[in-house]
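Since the structure comes first, as structure tokens, the remarks are kept for the end.
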Amino acid sequence: MSGKPVLHYFNARGRMECIRWLLAAAGVEFDEKFIQSPEDLEKLKKDGNLMFDQVPMVEIDGMKLAQTRAILNYIATKYDLYGKDMKERALIDMYTEGILDLTEMIMQLVICPPDQKEAKTALAKDRTKNRYLPAFEKVLKSHGQDYLVGNRLTRVDIHLLELLLYVEEFDASLLTSFPLLKAFKSRISSLPNVKKFLQPGSQRKLPVDAKQIEEARKIFKF
Amino acid sequence: MAEKPLFHYDEARGRMESVRWLLAAAGVEYEEKFIHTNEDLEKLRSDGVLMFQQVPMVEVDGMKLVQTRAIMNYFSSKYNLYGKDMKERALIDMYSEGLADLNEMFILYPFDPPGVKEANIALMKEKATNRYFPAFEKVFESHGQDYLVGNKLSKADVHLVEMIYNMEELDTNILANFPLLQALKTRISDMPTIKKFLQPGSQRQPPVDEKSIQKTRKIFKF
């Protein structure tokens, strides 16, 4: 089973970007088949390739995996980025879920109705600064190690780096009072696979713009 | 570590109920320390035992685990309800995540304003009938086995049966066209530990009512 994984999603970050990050960090090459029209999505559904009629979907090792977390867990296990035992995995899962919650909150801002935008932006900033970043700064401080769990690279370091970059795009000043997270960010960014992914021309996607949102609305009808 | 797991949550289904179901299926005893007031919650927060200031939190094996999925995955691994290898786990995760999406709607709708609530109930019934239950019926049809994955009970079966009971509260007839899901429901409900859990006086929580909604709102201030 040596075929590259094939990612099915639209040509934007959305719920696939964390999967792209994880594969890139693991040094795994992947192909992408972008959904560019409502017909593309309908075709995938009709062919019975989407378990719950949704994307992301990733073809990997003979499976057609749907659901972001299922895909992430599989890749993390396969490429040994999921801790050494059940207890390390529990920490990795716990940290990952917090990261995904905040990422979701920040991502949702771009599609939020104008009349709610200000309140939701303020809430996301407050949560970033007073809930999530302090929690991770504290983990790094508590053990003084380079990585969040087990003193070696795991998926959660990659998820956290991705989040920190979104926070920086969102409001760079939010990072100022977290010296250990800033150091973490430059440390993980300089890992060779990550460095490559951060360079222009990689499969990393840019922030969404108004045009992409319109496109996504058309395809997914929301 | 013979101590029983200790759950911290309010005395309601919410995000803890799936964990209760899972431990019931595993036949594991646990204790619950209910949060009754906002002060109870604030005390946990100021004691620094909630990583992201949120519950559910479960004390288990010396850890204070938060985040429903982290807790579920830990117990599933520990009690052998998580498949025999990484491909089985991928399927179990994929199925569980679909169910978690449906469950999310089920957890939130009681707090919707009138009008929105009815629309969300209709939407849930529609999704259960046209998206989720057909997908699972098809899995059983495809392999003809008693359980979703690997011919053996996993967290996905428990979660599915929990969702079947939830959806039946909205529409007693909802399984009418899904004979294999009916059979699963009977099979799992007849397991001695689940049978006990389904009986009055167990740790299973009743459906939310107006009183519990008010209580939850006061605790979490929303």
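Here's how to read the names in the structure tokens: chain A, B, ... by the order shown, residue numbers from 1 in each chain, ligand numbers from 1 in the order shown.
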What are the closest atom pairs, with distances in Å to one decimal, for all residues of chain B lying within 6 Å of chain A? Consider only C-alpha atoms, order rows by chain and residue number, and present the result as CSV.
```
residue,atom,partner,partner_atom,distance
B:Gln67,CA,A:Met94,CA,5.7
B:Ala70,CA,A:Asp93,CA,4.8
B:Tyr74,CA,A:Ala90,CA,5.8
B:Ala90,CA,A:Ala70,CA,5.6
B:Asp93,CA,A:Ala70,CA,4.8
B:Met94,CA,A:Ala70,CA,5.0
```
From a DSSP calculation on the backbone, collect every residue of chain B in helix (DSSP H, G or I) and output the set as an MDAnalysis selection string. chainID B and resid 17:26 38:46 68:78 86:111 116:143 155:170 179:189 192:198 210:220
At what distance in Å, to one decimal, does CA of Lys125 (chain A) lie from CA of Lys182 (chain A)? 17.2 Å
Within 9 Å of Glu3 (chain B) using only C-alpha atoms, minus same-chain residues under 6 positions, as a ChimeraX atom specification: /B:30,60-61
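The residue that comes closest to Lys218 (chain A), out of A:Met16, A:Asp80, A:Glu29, A:Glu39 and on the basis of only C-alpha atoms, is A:Glu39.
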Between B:Leu153, B:Ala12, B:Ile121, B:Val66, single out the one closest to Leu81 (chain B), counting only C-alpha atoms.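 Among the listed residues, B:Leu153 lies closest to Leu81 (chain B).
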Go through region 3-221 of chain B and collect every residue that DSSP, computed from the backbone, puts in strand (DSSP E); the answer should be as a count of residues only. 18
Skip Phe220 (chain B) itself and residues of its chain fewer than 4 positions away, then list as a list in words all residues within 12 Å of it, counting only C-alpha atoms.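 Near Phe220 (chain B), the qualifying residues are Tyr9, Asp10, Ile35, His36, Thr37, Asn38, Glu39, Asp40, Leu41, Glu42, Gln53, Gln54, Val55, Ile213, Gln214, Lys215 and Thr216 of chain B.
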With all heavy atoms retained, export the selected residues as a tab-separated table (two decimals), in the first residue's frame.
```
chain	number	residue	atom	x	y	z
B	9	TYR	N	-19.27	17.02	37.12
B	9	TYR	CA	-20.16	17.60	36.12
B	9	TYR	C	-21.43	18.00	36.83
B	9	TYR	O	-21.61	17.70	38.01
B	9	TYR	CB	-20.47	16.56	35.02
B	9	TYR	CG	-20.97	17.19	33.73
B	9	TYR	CD1	-20.13	18.01	32.98
B	9	TYR	CD2	-22.27	16.97	33.28
B	9	TYR	CE1	-20.59	18.59	31.81
B	9	TYR	CE2	-22.73	17.56	32.10
B	9	TYR	CZ	-21.87	18.36	31.37
B	9	TYR	OH	-22.32	18.95	30.21
B	10	ASP	N	-22.35	18.67	36.13
B	10	ASP	CA	-23.61	18.92	36.80
B	10	ASP	C	-24.50	17.69	36.67
B	10	ASP	O	-24.19	16.76	35.94
B	10	ASP	CB	-24.29	20.22	36.33
B	10	ASP	CG	-24.75	20.20	34.89
B	10	ASP	OD1	-24.04	19.60	34.06
B	10	ASP	OD2	-25.79	20.78	34.58
B	35	ILE	N	-21.80	19.23	40.35
B	35	ILE	CA	-21.69	20.67	40.47
B	35	ILE	C	-23.12	21.19	40.55
B	35	ILE	O	-23.90	20.99	39.63
B	35	ILE	CB	-20.98	21.24	39.23
B	35	ILE	CG1	-19.54	20.73	39.21
B	35	ILE	CG2	-21.04	22.75	39.20
B	35	ILE	CD1	-18.84	20.95	37.88
B	36	HIS	N	-23.46	21.81	41.67
B	36	HIS	CA	-24.84	22.26	41.83
B	36	HIS	C	-25.00	23.76	41.64
B	36	HIS	O	-26.09	24.24	41.38
B	36	HIS	CB	-25.36	21.87	43.22
B	36	HIS	CG	-25.57	20.39	43.40
B	36	HIS	ND1	-26.50	19.67	42.66
B	36	HIS	CD2	-24.95	19.49	44.18
B	36	HIS	CE1	-26.45	18.40	43.01
B	36	HIS	NE2	-25.51	18.25	43.93
B	37	THR	N	-23.91	24.49	41.84
B	37	THR	CA	-24.02	25.95	41.77
B	37	THR	C	-22.83	26.52	41.01
B	37	THR	O	-21.83	25.84	40.81
B	37	THR	CB	-23.98	26.58	43.19
B	37	THR	OG1	-22.71	26.25	43.78
B	37	THR	CG2	-25.10	26.04	44.06
B	38	ASN	N	-22.96	27.79	40.66
B	38	ASN	CA	-21.83	28.46	40.01
B	38	ASN	C	-20.61	28.51	40.94
B	38	ASN	O	-19.47	28.42	40.50
B	38	ASN	CB	-22.25	29.87	39.58
B	38	ASN	CG	-21.12	30.61	38.88
B	38	ASN	OD1	-20.48	31.47	39.47
B	38	ASN	ND2	-20.85	30.25	37.64
B	39	GLU	N	-20.87	28.59	42.26
B	39	GLU	CA	-19.76	28.61	43.22
B	39	GLU	C	-18.98	27.29	43.17
B	39	GLU	O	-17.76	27.27	43.26
B	39	GLU	CB	-20.25	28.84	44.66
B	39	GLU	CG	-20.77	30.24	44.94
B	39	GLU	CD	-22.11	30.54	44.26
B	39	GLU	OE1	-23.00	29.65	44.26
B	39	GLU	OE2	-22.26	31.65	43.69
B	40	ASP	N	-19.72	26.18	43.05
B	40	ASP	CA	-19.04	24.87	42.92
B	40	ASP	C	-18.09	24.88	41.71
B	40	ASP	O	-16.96	24.40	41.79
B	40	ASP	CB	-20.05	23.73	42.71
B	40	ASP	CG	-20.90	23.46	43.96
B	40	ASP	OD1	-20.53	23.95	45.04
B	40	ASP	OD2	-21.91	22.75	43.83
B	41	LEU	N	-18.59	25.41	40.61
B	41	LEU	CA	-17.79	25.45	39.39
B	41	LEU	C	-16.59	26.38	39.57
B	41	LEU	O	-15.45	26.03	39.23
B	41	LEU	CB	-18.65	25.93	38.20
B	41	LEU	CG	-17.94	26.08	36.86
B	41	LEU	CD1	-17.41	24.74	36.36
B	41	LEU	CD2	-18.88	26.68	35.81
B	42	GLU	N	-16.85	27.56	40.16
B	42	GLU	CA	-15.76	28.52	40.36
B	42	GLU	C	-14.70	27.96	41.29
B	42	GLU	O	-13.52	28.23	41.14
B	42	GLU	CB	-16.31	29.85	40.92
B	42	GLU	CG	-17.04	30.69	39.88
B	42	GLU	CD	-16.23	30.94	38.60
B	42	GLU	OE1	-14.98	31.06	38.69
B	42	GLU	OE2	-16.82	30.98	37.51
B	53	GLN	N	-10.74	25.40	32.14
B	53	GLN	CA	-11.82	26.01	32.95
B	53	GLN	C	-13.19	25.39	32.66
B	53	GLN	O	-14.22	25.98	32.93
B	53	GLN	CB	-11.93	27.53	32.70
B	53	GLN	CG	-10.62	28.28	32.61
B	53	GLN	CD	-9.82	28.17	33.89
B	53	GLN	OE1	-10.38	28.20	34.97
B	53	GLN	NE2	-8.51	27.98	33.78
B	54	GLN	N	-13.18	24.19	32.08
B	54	GLN	CA	-14.44	23.58	31.68
B	54	GLN	C	-14.60	22.19	32.30
B	54	GLN	O	-13.62	21.53	32.63
B	54	GLN	CB	-14.48	23.38	30.15
B	54	GLN	CG	-14.41	24.66	29.35
B	54	GLN	CD	-14.03	24.40	27.90
B	54	GLN	OE1	-13.24	23.51	27.60
B	54	GLN	NE2	-14.59	25.18	27.00
B	55	VAL	N	-15.84	21.78	32.41
B	55	VAL	CA	-16.16	20.38	32.69
B	55	VAL	C	-16.82	19.82	31.43
B	55	VAL	O	-17.30	20.61	30.61
B	55	VAL	CB	-17.11	20.25	33.90
B	55	VAL	CG1	-16.35	20.53	35.18
B	55	VAL	CG2	-18.33	21.15	33.78
B	213	ILE	N	-32.85	22.77	33.03
B	213	ILE	CA	-32.33	23.79	32.11
B	213	ILE	C	-31.98	25.06	32.90
B	213	ILE	O	-30.90	25.63	32.74
B	213	ILE	CB	-33.35	24.11	31.00
B	213	ILE	CG1	-33.45	22.91	30.04
B	213	ILE	CG2	-32.96	25.37	30.23
B	213	ILE	CD1	-34.55	23.05	29.00
B	214	GLN	N	-32.90	25.46	33.77
B	214	GLN	CA	-32.65	26.66	34.58
B	214	GLN	C	-31.43	26.49	35.46
B	214	GLN	O	-30.60	27.38	35.61
B	214	GLN	CB	-33.88	27.00	35.45
B	214	GLN	CG	-35.10	27.46	34.67
B	214	GLN	CD	-34.77	28.51	33.60
B	214	GLN	OE1	-33.88	29.36	33.79
B	214	GLN	NE2	-35.43	28.43	32.45
B	215	LYS	N	-31.31	25.30	36.03
B	215	LYS	CA	-30.18	25.03	36.92
B	215	LYS	C	-28.85	25.09	36.15
B	215	LYS	O	-27.89	25.73	36.59
B	215	LYS	CB	-30.36	23.65	37.56
B	215	LYS	CG	-29.37	23.37	38.68
B	215	LYS	CD	-29.67	22.04	39.38
B	215	LYS	CE	-28.48	21.62	40.23
B	215	LYS	NZ	-28.62	20.27	40.76
B	216	THR	N	-28.85	24.45	34.99
B	216	THR	CA	-27.64	24.47	34.16
B	216	THR	C	-27.26	25.89	33.76
B	216	THR	O	-26.10	26.29	33.81
B	216	THR	CB	-27.85	23.59	32.91
B	216	THR	OG1	-28.14	22.26	33.33
B	216	THR	CG2	-26.61	23.56	32.03
```
Selection: 8 Å around Phe7 (chain B), only C-alpha atoms, excl. self and same-chain fewer than 3 positions, as a PyMOL selection string: chain B and resi 30-34+56-59
With only C-alpha atoms as the counted atoms, please give the residues lying no more than 8 Å from region 192-208 of chain A, apart from itself and same-chain residues fewer than 4 positions off, as a ChimeraX atom specification. /A:11-13,17,20-21,24-27,110,188,212-213
So, with only C-alpha atoms as the atoms that count, which of B:Asn73, B:Ser142, B:Ser154, B:Gln205 lies closest to Glu17 (chain B)?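 Going through B:Asn73, B:Ser142, B:Ser154, B:Gln205 one by one, the smallest distance to Glu17 (chain B) is for B:Gln205.
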Which residues come within 12 Å of Asn80 (chain B), counting only C-alpha atoms, excluding same-chain residues fewer than 3 positions away, as number ranges by chain? A: 86; B: 22-23, 25-27, 72-77, 83-85, 89, 152-155
Filtering to N, CA and C atoms, could you give me those residues as a tab-separated table (two decimals), in the first residue's frame?
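Result went into selection-v2.tsv, see below:
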```tsv
chain	number	residue	atom	x	y	z
A	86	MET	N	-0.94	4.85	26.84
A	86	MET	CA	-2.31	5.34	27.02
A	86	MET	C	-2.38	6.67	27.77
B	22	LEU	N	-20.50	4.75	28.50
B	22	LEU	CA	-19.32	3.95	28.19
B	22	LEU	C	-18.87	3.13	29.40
B	23	LEU	N	-18.83	3.77	30.56
B	23	LEU	CA	-18.40	3.03	31.75
B	23	LEU	C	-19.43	1.99	32.17
B	25	ALA	N	-21.22	0.30	30.09
B	25	ALA	CA	-20.98	-0.82	29.18
B	25	ALA	C	-19.74	-1.60	29.60
B	26	ALA	N	-18.72	-0.88	30.07
B	26	ALA	CA	-17.48	-1.54	30.48
B	26	ALA	C	-17.65	-2.24	31.83
B	27	GLY	N	-18.76	-1.95	32.51
B	27	GLY	CA	-18.98	-2.54	33.82
B	27	GLY	C	-18.06	-1.97	34.89
B	72	MET	N	-13.23	9.81	26.82
B	72	MET	CA	-13.80	8.63	26.14
B	72	MET	C	-12.68	7.73	25.58
B	73	ASN	N	-11.70	8.35	24.93
B	73	ASN	CA	-10.62	7.56	24.33
B	73	ASN	C	-9.81	6.83	25.40
B	74	TYR	N	-9.58	7.51	26.52
B	74	TYR	CA	-8.79	6.87	27.58
B	74	TYR	C	-9.52	5.65	28.13
B	75	PHE	N	-10.78	5.82	28.45
B	75	PHE	CA	-11.54	4.68	28.98
B	75	PHE	C	-11.69	3.57	27.92
B	76	SER	N	-11.88	3.98	26.68
B	76	SER	CA	-12.02	2.96	25.63
B	76	SER	C	-10.74	2.13	25.48
B	77	SER	N	-9.59	2.80	25.56
B	77	SER	CA	-8.32	2.06	25.49
B	77	SER	C	-8.17	1.17	26.71
B	83	GLY	N	-11.04	-1.38	19.57
B	83	GLY	CA	-10.50	-2.12	18.43
B	83	GLY	C	-9.17	-2.79	18.71
B	84	LYS	N	-8.75	-3.61	17.76
B	84	LYS	CA	-7.53	-4.40	17.99
B	84	LYS	C	-6.31	-3.80	17.28
B	85	ASP	N	-6.52	-2.91	16.34
B	85	ASP	CA	-5.38	-2.30	15.67
B	85	ASP	C	-5.77	-0.92	15.14
B	89	ARG	N	-9.38	1.06	14.90
B	89	ARG	CA	-9.58	2.32	15.64
B	89	ARG	C	-10.02	3.44	14.71
B	152	LYS	N	-16.87	-7.25	17.55
B	152	LYS	CA	-16.66	-7.17	19.00
B	152	LYS	C	-17.14	-5.81	19.48
B	153	LEU	N	-17.66	-5.77	20.69
B	153	LEU	CA	-18.17	-4.51	21.24
B	153	LEU	C	-17.07	-3.43	21.28
B	154	SER	N	-17.42	-2.23	20.83
B	154	SER	CA	-16.49	-1.10	20.96
B	154	SER	C	-17.27	0.14	21.39
B	155	LYS	N	-16.53	1.20	21.64
B	155	LYS	CA	-17.20	2.44	22.07
B	155	LYS	C	-18.19	2.93	21.03
```
